[in-house]
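Asks: Got a structure for you, start-v9.cif, holding mmCIF, C-alpha atoms.
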data_target
loop_
_atom_site.group_PDB
_atom_site.id
_atom_site.type_symbol
_atom_site.label_atom_id
_atom_site.label_comp_id
_atom_site.auth_asym_id
_atom_site.auth_seq_id
_atom_site.Cartn_x
_atom_site.Cartn_y
_atom_site.Cartn_z
ATOM 1 C CA MET A 1 73.520 122.653 83.839
ATOM 2 C CA LYS A 2 70.748 122.985 86.370
ATOM 3 C CA TYR A 3 71.398 123.885 89.971
ATOM 4 C CA PHE A 4 70.950 121.128 92.526
ATOM 5 C CA GLU A 5 67.670 122.671 93.713
ATOM 6 C CA ASP A 6 66.164 122.340 90.216
ATOM 7 C CA ILE A 7 66.885 118.614 89.915
ATOM 8 C CA ARG A 8 64.042 116.239 90.824
ATOM 9 C CA VAL A 9 64.117 112.499 91.441
ATOM 10 C CA GLY A 10 62.433 110.906 88.414
ATOM 11 C CA ASP A 11 63.649 113.524 85.913
ATOM 12 C CA LYS A 12 64.557 111.517 82.804
ATOM 13 C CA VAL A 13 66.204 112.637 79.587
ATOM 14 C CA VAL A 14 66.804 110.676 76.377
ATOM 15 C CA ILE A 15 70.291 111.861 75.499
ATOM 16 C CA GLY A 16 70.473 110.378 71.992
ATOM 17 C CA ARG A 17 70.612 107.349 69.739
ATOM 18 C CA HIS A 18 73.484 105.552 68.071
ATOM 19 C CA THR A 19 73.701 102.802 65.437
ATOM 20 C CA PHE A 20 76.779 100.578 65.751
ATOM 21 C CA THR A 21 78.495 99.671 62.480
ATOM 22 C CA ALA A 22 80.753 96.643 62.053
ATOM 23 C CA ASP A 23 83.667 98.928 61.181
ATOM 24 C CA GLU A 24 83.433 101.034 64.302
ATOM 25 C CA ILE A 25 82.934 97.945 66.496
ATOM 26 C CA LYS A 26 86.185 96.499 65.137
ATOM 27 C CA SER A 27 88.064 99.794 65.272
ATOM 28 C CA PHE A 28 87.179 100.310 68.948
ATOM 29 C CA ALA A 29 87.996 96.704 69.821
ATOM 30 C CA GLU A 30 91.411 96.863 68.125
ATOM 31 C CA ARG A 31 92.386 99.777 70.350
ATOM 32 C CA PHE A 32 90.814 98.838 73.673
ATOM 33 C CA ASP A 33 89.209 95.397 73.844
ATOM 34 C CA PRO A 34 90.857 93.089 71.294
ATOM 35 C CA GLN A 35 88.773 89.976 71.904
ATOM 36 C CA PRO A 36 88.115 87.909 68.758
ATOM 37 C CA PHE A 37 84.290 88.177 68.911
ATOM 38 C CA HIS A 38 84.600 91.989 68.697
ATOM 39 C CA LEU A 39 87.034 91.836 65.752
ATOM 40 C CA ASP A 40 86.022 89.118 63.305
ATOM 41 C CA GLU A 41 82.573 88.098 62.059
ATOM 42 C CA ALA A 42 83.517 84.464 61.418
ATOM 43 C CA VAL A 43 84.996 83.976 64.891
ATOM 44 C CA ALA A 44 82.047 85.794 66.476
ATOM 45 C CA GLU A 45 79.581 83.424 64.779
ATOM 46 C CA GLN A 46 81.281 80.493 66.499
ATOM 47 C CA SER A 47 81.362 82.277 69.887
ATOM 48 C CA HIS A 48 78.703 82.366 72.621
ATOM 49 C CA PHE A 49 77.502 85.678 71.100
ATOM 50 C CA GLY A 50 76.681 84.152 67.687
ATOM 51 C CA ALA A 51 77.563 87.297 65.681
ATOM 52 C CA LEU A 52 79.884 90.309 65.732
ATOM 53 C CA CYS A 53 79.066 92.473 68.744
ATOM 54 C CA ALA A 54 80.464 95.612 70.333
ATOM 55 C CA SER A 55 82.729 95.725 73.360
ATOM 56 C CA GLY A 56 80.583 96.473 76.389
ATOM 57 C CA TRP A 57 82.901 99.406 77.111
ATOM 58 C CA HIS A 58 82.194 100.771 73.634
ATOM 59 C CA THR A 59 78.436 100.739 74.256
ATOM 60 C CA VAL A 60 78.972 102.689 77.498
ATOM 61 C CA LEU A 61 81.439 105.193 76.009
ATOM 62 C CA ILE A 62 78.893 106.242 73.405
ATOM 63 C CA TRP A 63 76.619 107.020 76.361
ATOM 64 C CA MET A 64 79.404 109.228 77.750
ATOM 65 C CA ARG A 65 79.873 111.123 74.496
ATOM 66 C CA LEU A 66 76.140 111.703 74.035
ATOM 67 C CA ARG A 67 75.849 112.872 77.637
ATOM 68 C CA ILE A 68 78.582 115.482 77.195
ATOM 69 C CA VAL A 69 77.049 116.722 73.922
ATOM 70 C CA GLU A 70 73.616 116.953 75.562
ATOM 71 C CA MET A 71 75.066 118.905 78.509
ATOM 72 C CA ARG A 72 76.765 121.292 76.101
ATOM 73 C CA HIS A 73 73.449 121.925 74.342
ATOM 74 C CA GLU A 74 71.795 122.558 77.696
ATOM 75 C CA VAL A 75 74.475 125.098 78.641
ATOM 76 C CA GLU A 76 74.152 126.837 75.266
ATOM 77 C CA ALA A 77 70.374 127.081 75.687
ATOM 78 C CA GLN A 78 70.844 128.517 79.190
ATOM 79 C CA ARG A 79 73.325 131.105 77.867
ATOM 80 C CA THR A 80 70.848 132.081 75.132
ATOM 81 C CA ARG A 81 68.152 132.602 77.768
ATOM 82 C CA GLY A 82 70.576 134.534 79.966
ATOM 83 C CA GLU A 83 70.213 132.045 82.816
ATOM 84 C CA PRO A 84 72.961 131.289 85.339
ATOM 85 C CA ILE A 85 74.722 127.950 84.775
ATOM 86 C CA ALA A 86 75.530 125.598 87.638
ATOM 87 C CA GLN A 87 78.958 123.988 87.954
ATOM 88 C CA LEU A 88 79.551 120.233 87.990
ATOM 89 C CA GLY A 89 82.303 118.725 90.118
ATOM 90 C CA PRO A 90 84.488 115.794 89.061
ATOM 91 C CA SER A 91 82.733 112.430 88.915
ATOM 92 C CA PRO A 92 83.683 110.176 91.817
ATOM 93 C CA GLY A 93 82.884 107.065 89.728
ATOM 94 C CA PHE A 94 79.996 104.732 89.119
ATOM 95 C CA ARG A 95 78.317 101.641 90.490
ATOM 96 C CA GLU A 96 76.651 98.489 89.271
ATOM 97 C CA LEU A 97 77.506 98.527 85.593
ATOM 98 C CA LYS A 98 75.533 95.707 83.987
ATOM 99 C CA TRP A 99 75.893 94.398 80.471
ATOM 100 C CA LEU A 100 72.497 92.862 79.884
ATOM 101 C CA GLU A 101 72.440 91.895 76.200
ATOM 102 C CA PRO A 102 75.001 92.008 73.383
ATOM 103 C CA VAL A 103 74.973 94.981 70.996
ATOM 104 C CA TYR A 104 75.328 93.568 67.478
ATOM 105 C CA ALA A 105 76.483 95.340 64.317
ATOM 106 C CA GLY A 106 73.476 97.249 62.992
ATOM 107 C CA ASP A 107 71.771 97.659 66.389
ATOM 108 C CA THR A 108 70.492 101.108 67.315
ATOM 109 C CA ILE A 109 70.715 102.009 70.983
ATOM 110 C CA THR A 110 68.628 104.700 72.664
ATOM 111 C CA TYR A 111 70.500 106.239 75.601
ATOM 112 C CA ALA A 112 68.869 107.774 78.652
ATOM 113 C CA SER A 113 69.682 109.186 82.085
ATOM 114 C CA GLU A 114 67.241 109.341 84.996
ATOM 115 C CA VAL A 115 67.666 110.996 88.394
ATOM 116 C CA MET A 116 67.495 108.316 91.131
ATOM 117 C CA ASP A 117 68.507 110.338 94.154
ATOM 118 C CA ALA A 118 69.568 113.892 95.019
ATOM 119 C CA ARG A 119 70.803 115.033 98.399
ATOM 120 C CA PRO A 120 72.655 118.057 99.746
ATOM 121 C CA LEU A 121 76.139 117.330 101.074
ATOM 122 C CA ASP A 122 76.871 118.338 104.648
ATOM 123 C CA SER A 123 80.530 117.600 104.004
ATOM 124 C CA ARG A 124 80.724 119.983 101.018
ATOM 125 C CA PRO A 125 78.724 123.142 101.605
ATOM 126 C CA GLY A 126 77.448 124.566 98.330
ATOM 127 C CA TRP A 127 77.230 121.160 96.644
ATOM 128 C CA GLY A 128 74.771 118.307 96.289
ATOM 129 C CA LEU A 129 75.334 114.710 95.205
ATOM 130 C CA VAL A 130 73.045 113.417 92.446
ATOM 131 C CA GLN A 131 72.726 109.743 91.469
ATOM 132 C CA TYR A 132 71.646 108.881 87.934
ATOM 133 C CA PHE A 133 70.378 105.619 86.479
ATOM 134 C CA ASN A 134 71.979 105.529 83.033
ATOM 135 C CA SER A 135 70.879 103.043 80.418
ATOM 136 C CA GLY A 136 70.778 101.921 76.817
ATOM 137 C CA VAL A 137 67.888 100.119 75.111
ATOM 138 C CA ASN A 138 68.053 98.440 71.696
ATOM 139 C CA GLN A 139 65.619 98.741 68.784
ATOM 140 C CA THR A 140 63.522 95.836 70.068
ATOM 141 C CA GLY A 141 63.099 97.506 73.469
ATOM 142 C CA ASN A 142 65.564 95.356 75.406
ATOM 143 C CA PRO A 143 67.986 97.017 77.844
ATOM 144 C CA VAL A 144 71.588 96.360 76.812
ATOM 145 C CA PHE A 145 73.387 98.035 79.718
ATOM 146 C CA SER A 146 72.778 100.139 82.794
ATOM 147 C CA PHE A 147 74.864 101.739 85.492
ATOM 148 C CA ILE A 148 74.495 104.186 88.349
ATOM 149 C CA GLY A 149 76.554 107.348 88.024
ATOM 150 C CA SER A 150 77.144 110.094 90.569
ATOM 151 C CA ALA A 151 77.858 113.784 90.120
ATOM 152 C CA PHE A 152 78.561 116.694 92.417
ATOM 153 C CA VAL A 153 76.201 119.515 91.405
ATOM 154 C CA GLU A 154 76.458 123.122 92.576
ATOM 155 C CA ARG A 155 73.702 124.448 94.841
ATOM 156 C CA ARG A 156 71.946 127.678 93.926
ATOM 157 C CA PRO A 157 73.750 130.624 95.524
ATOM 158 C CA ARG A 158 71.606 132.283 98.232
ATOM 159 C CA MET B 1 93.223 80.832 81.197
ATOM 160 C CA LYS B 2 93.267 78.855 84.408
ATOM 161 C CA TYR B 3 90.395 76.632 85.438
ATOM 162 C CA PHE B 4 88.250 77.834 88.309
ATOM 163 C CA GLU B 5 89.833 75.264 90.637
ATOM 164 C CA ASP B 6 93.296 76.769 90.046
ATOM 165 C CA ILE B 7 92.272 80.321 90.994
ATOM 166 C CA ARG B 8 92.976 81.403 94.598
ATOM 167 C CA VAL B 9 91.694 84.398 96.518
ATOM 168 C CA GLY B 10 94.661 86.761 96.857
ATOM 169 C CA ASP B 11 96.246 85.843 93.502
ATOM 170 C CA LYS B 12 97.519 89.157 92.092
ATOM 171 C CA VAL B 13 99.027 89.933 88.723
ATOM 172 C CA VAL B 14 100.567 93.191 87.453
ATOM 173 C CA ILE B 15 99.175 93.273 83.928
ATOM 174 C CA GLY B 16 101.303 96.138 82.606
ATOM 175 C CA ARG B 17 102.235 99.810 82.640
ATOM 176 C CA HIS B 18 101.204 102.711 80.470
ATOM 177 C CA THR B 19 102.402 106.321 80.138
ATOM 178 C CA PHE B 20 99.700 108.768 79.031
ATOM 179 C CA THR B 21 100.787 111.374 76.461
ATOM 180 C CA ALA B 22 98.969 114.664 75.938
ATOM 181 C CA ASP B 23 98.198 113.674 72.330
ATOM 182 C CA GLU B 24 96.504 110.395 73.228
ATOM 183 C CA ILE B 25 94.592 112.027 76.110
ATOM 184 C CA LYS B 26 93.140 114.581 73.665
ATOM 185 C CA SER B 27 92.503 112.038 70.912
ATOM 186 C CA PHE B 28 90.524 109.778 73.259
ATOM 187 C CA ALA B 29 88.590 112.719 74.712
ATOM 188 C CA GLU B 30 87.626 114.029 71.272
ATOM 189 C CA ARG B 31 85.997 110.704 70.462
ATOM 190 C CA PHE B 32 84.408 109.735 73.758
ATOM 191 C CA ASP B 33 84.608 112.338 76.526
ATOM 192 C CA PRO B 34 84.906 115.816 74.996
ATOM 193 C CA GLN B 35 85.165 117.837 78.198
ATOM 194 C CA PRO B 36 87.454 120.885 77.932
ATOM 195 C CA PHE B 37 89.883 119.792 80.695
ATOM 196 C CA HIS B 38 90.660 116.615 78.664
ATOM 197 C CA LEU B 39 91.172 118.560 75.419
ATOM 198 C CA ASP B 40 93.033 121.802 76.050
ATOM 199 C CA GLU B 41 95.991 122.517 78.359
ATOM 200 C CA ALA B 42 95.079 126.177 78.930
ATOM 201 C CA VAL B 43 91.477 125.386 79.897
ATOM 202 C CA ALA B 44 92.624 122.475 82.084
ATOM 203 C CA GLU B 45 94.976 124.780 84.020
ATOM 204 C CA GLN B 46 91.983 126.930 84.988
ATOM 205 C CA SER B 47 89.839 123.884 85.930
ATOM 206 C CA HIS B 48 89.607 122.049 89.250
ATOM 207 C CA PHE B 49 92.191 119.568 87.875
ATOM 208 C CA GLY B 50 94.879 122.232 87.344
ATOM 209 C CA ALA B 51 96.435 120.575 84.268
ATOM 210 C CA LEU B 52 95.525 118.398 81.282
ATOM 211 C CA CYS B 53 94.312 115.016 82.497
ATOM 212 C CA ALA B 54 92.909 111.860 80.928
ATOM 213 C CA SER B 55 89.247 110.921 80.835
ATOM 214 C CA GLY B 56 88.595 108.472 83.657
ATOM 215 C CA TRP B 57 87.177 106.101 81.048
ATOM 216 C CA HIS B 58 90.455 106.284 79.138
ATOM 217 C CA THR B 59 92.444 105.240 82.223
ATOM 218 C CA VAL B 60 90.144 102.231 82.676
ATOM 219 C CA LEU B 61 90.148 101.204 79.006
ATOM 220 C CA ILE B 62 93.929 100.908 79.025
ATOM 221 C CA TRP B 63 93.410 98.459 81.890
ATOM 222 C CA MET B 64 91.045 96.509 79.635
ATOM 223 C CA ARG B 65 93.519 96.374 76.752
ATOM 224 C CA LEU B 66 96.410 95.286 78.976
ATOM 225 C CA ARG B 67 94.216 92.613 80.571
ATOM 226 C CA ILE B 68 93.299 91.113 77.196
ATOM 227 C CA VAL B 69 96.938 91.148 76.048
ATOM 228 C CA GLU B 70 98.018 89.497 79.311
ATOM 229 C CA MET B 71 95.339 86.803 78.947
ATOM 230 C CA ARG B 72 96.485 86.149 75.391
ATOM 231 C CA HIS B 73 100.076 85.658 76.599
ATOM 232 C CA GLU B 74 98.830 83.279 79.281
ATOM 233 C CA VAL B 75 96.926 81.225 76.703
ATOM 234 C CA GLU B 76 99.956 81.112 74.398
ATOM 235 C CA ALA B 77 102.156 79.908 77.262
ATOM 236 C CA GLN B 78 99.602 77.224 78.134
ATOM 237 C CA ARG B 79 99.499 76.073 74.502
ATOM 238 C CA THR B 80 103.314 75.902 74.419
ATOM 239 C CA ARG B 81 103.255 73.727 77.534
ATOM 240 C CA GLY B 82 100.476 71.568 76.082
ATOM 241 C CA GLU B 83 98.099 72.419 78.932
ATOM 242 C CA PRO B 84 94.317 72.543 78.598
ATOM 243 C CA ILE B 85 92.870 76.087 78.493
ATOM 244 C CA ALA B 86 89.772 77.044 80.441
ATOM 245 C CA GLN B 87 86.964 79.035 78.816
ATOM 246 C CA LEU B 88 85.773 82.415 80.051
ATOM 247 C CA GLY B 89 82.114 83.370 79.835
ATOM 248 C CA PRO B 90 80.851 86.849 78.962
ATOM 249 C CA SER B 91 81.397 89.457 81.674
ATOM 250 C CA PRO B 92 78.188 90.350 83.492
ATOM 251 C CA GLY B 93 79.544 93.800 84.348
ATOM 252 C CA PHE B 94 81.397 95.767 86.998
ATOM 253 C CA ARG B 95 80.841 97.295 90.399
ATOM 254 C CA GLU B 96 82.155 100.242 92.355
ATOM 255 C CA LEU B 97 84.307 101.984 89.782
ATOM 256 C CA LYS B 98 86.163 104.740 91.638
ATOM 257 C CA TRP B 99 88.211 107.508 90.082
ATOM 258 C CA LEU B 100 90.521 108.399 92.935
ATOM 259 C CA GLU B 101 93.042 110.851 91.476
ATOM 260 C CA PRO B 102 93.484 112.524 88.090
ATOM 261 C CA VAL B 103 95.875 110.981 85.554
ATOM 262 C CA TYR B 104 97.910 113.830 84.074
ATOM 263 C CA ALA B 105 99.836 113.920 80.800
ATOM 264 C CA GLY B 106 103.160 112.184 81.462
ATOM 265 C CA ASP B 107 101.871 109.990 84.292
ATOM 266 C CA THR B 108 102.764 106.294 84.211
ATOM 267 C CA ILE B 109 100.117 103.945 85.570
ATOM 268 C CA THR B 110 100.822 100.421 86.797
ATOM 269 C CA TYR B 111 97.788 98.174 86.292
ATOM 270 C CA ALA B 112 96.951 95.148 88.408
ATOM 271 C CA SER B 113 94.213 92.580 88.996
ATOM 272 C CA GLU B 114 93.708 90.653 92.247
ATOM 273 C CA VAL B 115 91.292 87.803 92.992
ATOM 274 C CA MET B 116 88.847 88.905 95.726
ATOM 275 C CA ASP B 117 86.395 86.019 95.688
ATOM 276 C CA ALA B 118 85.822 82.758 93.794
ATOM 277 C CA ARG B 119 82.776 80.554 94.176
ATOM 278 C CA PRO B 120 81.210 77.707 92.186
ATOM 279 C CA LEU B 121 77.827 78.513 90.669
ATOM 280 C CA ASP B 122 74.940 76.228 91.571
ATOM 281 C CA SER B 123 72.886 77.924 88.876
ATOM 282 C CA ARG B 124 75.430 77.194 86.126
ATOM 283 C CA PRO B 125 76.962 73.745 86.510
ATOM 284 C CA GLY B 126 80.474 73.671 85.077
ATOM 285 C CA TRP B 127 81.151 77.335 85.877
ATOM 286 C CA GLY B 128 82.417 79.458 88.735
ATOM 287 C CA LEU B 129 82.111 83.197 89.337
ATOM 288 C CA VAL B 130 85.344 85.041 90.127
ATOM 289 C CA GLN B 131 85.500 88.613 91.459
ATOM 290 C CA TYR B 132 88.602 90.691 90.787
ATOM 291 C CA PHE B 133 89.814 93.906 92.364
ATOM 292 C CA ASN B 134 91.264 95.827 89.422
ATOM 293 C CA SER B 135 93.347 98.925 89.943
ATOM 294 C CA GLY B 136 95.815 101.466 88.616
ATOM 295 C CA VAL B 137 98.549 103.188 90.626
ATOM 296 C CA ASN B 138 100.582 106.184 89.458
ATOM 297 C CA GLN B 139 104.362 106.689 89.573
ATOM 298 C CA THR B 140 104.171 108.224 93.056
ATOM 299 C CA GLY B 141 102.319 105.180 94.415
ATOM 300 C CA ASN B 142 98.841 106.733 94.573
ATOM 301 C CA PRO B 143 95.836 104.723 93.355
ATOM 302 C CA VAL B 144 94.102 106.507 90.461
ATOM 303 C CA PHE B 145 91.167 104.133 89.943
ATOM 304 C CA SER B 146 89.759 100.818 91.077
ATOM 305 C CA PHE B 147 86.786 98.661 90.272
ATOM 306 C CA ILE B 148 85.444 95.203 90.967
ATOM 307 C CA GLY B 149 85.031 93.003 87.921
ATOM 308 C CA SER B 150 83.342 89.619 87.619
ATOM 309 C CA ALA B 151 83.974 86.758 85.239
ATOM 310 C CA PHE B 152 82.443 83.357 84.652
ATOM 311 C CA VAL B 153 85.313 80.836 84.607
ATOM 312 C CA GLU B 154 85.039 77.235 83.439
ATOM 313 C CA ARG B 155 85.476 74.488 86.052
ATOM 314 C CA ARG B 156 87.945 71.701 85.425
ATOM 315 C CA PRO B 157 86.209 68.822 83.633
ATOM 316 C CA ARG B 158 85.938 65.719 85.861
#
Please express what this file holds, its structure, as structure tokens.
Replies:
Amino acid sequence: MKYFEDIRVGDKVVIGRHTFTADEIKSFAERFDPQPFHLDEAVAEQSHFGALCASGWHTVLIWMRLRIVEMRHEVEAQRTRGEPIAQLGPSPGFRELKWLEPVYAGDTITYASEVMDARPLDSRPGWGLVQYFNSGVNQTGNPVFSFIGSAFVERRPR
Amino acid sequence: MKYFEDIRVGDKVVIGRHTFTADEIKSFAERFDPQPFHLDEAVAEQSHFGALCASGWHTVLIWMRLRIVEMRHEVEAQRTRGEPIAQLGPSPGFRELKWLEPVYAGDTITYASEVMDARPLDSRPGWGLVQYFNSGVNQTGNPVFSFIGSAFVERRPR
């Protein structure tokens, strides 16, 4: 992880891609979002979605997994280069999660994270608060979700 | 589901309770949020959390599952009584998700949903938009998360 001082508004990283299969859509929905249009092709065809599609939470959780994996790679690369690694604080939450288009079985989503805002915290010396615009775009270029996440990021020791 | 006209600001329903085990915390984290303090007790004890705790996403997804199950029970009860059942539109998303306290292995969360706002939609005749304050509270009475959800709810046919 970068120190707060090395983070710039506008920095954008593509954190990965994921293709949603019908099986994983159903498996996720059975556990967490058992609505018929996430579980059964025939029912989904008759629904307002028109075909089997993933739970919106599922589409966002793949973002989460890819983000963690990408951060781990970044830390490993920093260790290899012998660089110091900044700490991240717990996430306070997120804002404005929008599900913009359905994610259908077979869709491939490209996930990204872009720095929207970064400011030092007077209330927490040694830390900054960074806001990220997180998003997923399908194979035809249409955004399928976005949300604004926040993270506490360590400032570079003086 | 109730029709829009039958929904009142202030209506609150406890949708269920859930106790988080260490095994399910780790299993969820492996798939979706593989951060060490959600995966390993010893690492978690050394982290800012102090003990193994659930991914914030996990705590919210149990809310989702309980909400769907509760809605299904409501629909079944309406069918039994021979009442008409309102349609729900797709969720446009969520706002202001806050993770307020960690959920540790063994914690029992009580999940609730309260109507914050309900207004007819000029842009979509036949539908209203309802805003819900959704939350989880642990066994000592402390809120662990909250968010504001929206749903399109069918208006009663004239």
Asks: Any chance you could tabulate, as a tab-separated table, the residues of range 72-144 of chain B at most 9 Å from range 44-67 of chain B with each one's nearest atom pair and distance in Å to one decimal, using only C-alpha atoms, in chain and rising number order?
Replies:
residue	atom	partner	partner_atom	distance
B:Arg72	CA	B:Arg67	CA	8.6
B:Trp99	CA	B:Gly56	CA	6.5
B:Pro102	CA	B:Cys53	CA	6.2
B:Val103	CA	B:Cys53	CA	5.3
B:Tyr104	CA	B:Cys53	CA	4.1
B:Ala105	CA	B:Cys53	CA	5.9
B:Ile109	CA	B:Thr59	CA	8.5
B:Tyr111	CA	B:Trp63	CA	6.2
B:Ala112	CA	B:Trp63	CA	8.1
B:Ser113	CA	B:Arg67	CA	8.4
B:Asn134	CA	B:Trp63	CA	8.3
B:Ser135	CA	B:Trp63	CA	8.1
B:Gly136	CA	B:Trp63	CA	7.8
B:Val144	CA	B:Thr59	CA	8.5
Asks: Between CA of Lys12 in chain A and CA of Arg156 in chain A, what is the spacing in Å?
Replies: 21.0 Å
Asks: Just the residues within 9 Å of Glu154 in chain B, please, counting all atoms listed in the file, with nothing from its chain fewer than 3 positions along; format it as an MDAnalysis selection string.
Replies: chainID B and resid 2:5 86:89 126:129 157
Asks: Give me the result of the PyMOL selection byres ((chain A) within 6 of (chain B)) on this file, residue by residue, as a ChimeraX atom specification.
Replies: /A:32-33,61,65,92-99
Asks: Can you report as AutoDock Vina command-line options the centre and edge lengths in Å, to one decimal, of an axis-aligned box around the listed atoms of range 97-104 of chain B padded with 3 Å on each side?
Replies:
--center_x 91.1 --center_y 107.9 --center_z 88.5 --size_x 19.6 --size_y 17.8 --size_z 14.9
Asks: Suppose you want the space between CA of Val14 in chain A and CA of Glu70 in chain A; what is it in Å?
Replies: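 Computing the Euclidean distance for CA of Val14 in chain A and CA of Glu70 in chain A yields 9.3 Å.
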Asks: Would you write out, as an MDAnalysis selection string, every residue that the PyMOL selection byres ((chain A and resi 17) around 8) captures in this file?
Replies: chainID A and resid 15:16 18:19 108:111
Asks: Could you turn the residues from that selection into a file that holds C-alpha atoms, as a compact mmCIF listing (two decimals), keeping the file's coordinate frame?
Replies:
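Below you can see out-v8.txt, which holds the result:
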# COMPACT_ATOMS: atom_id res chain seq x y z
CA ILE A 15 70.29 111.86 75.50
CA GLY A 16 70.47 110.38 71.99
CA HIS A 18 73.48 105.55 68.07
CA THR A 19 73.70 102.80 65.44
CA THR A 108 70.49 101.11 67.32
CA ILE A 109 70.72 102.01 70.98
CA THR A 110 68.63 104.70 72.66
CA TYR A 111 70.50 106.24 75.60
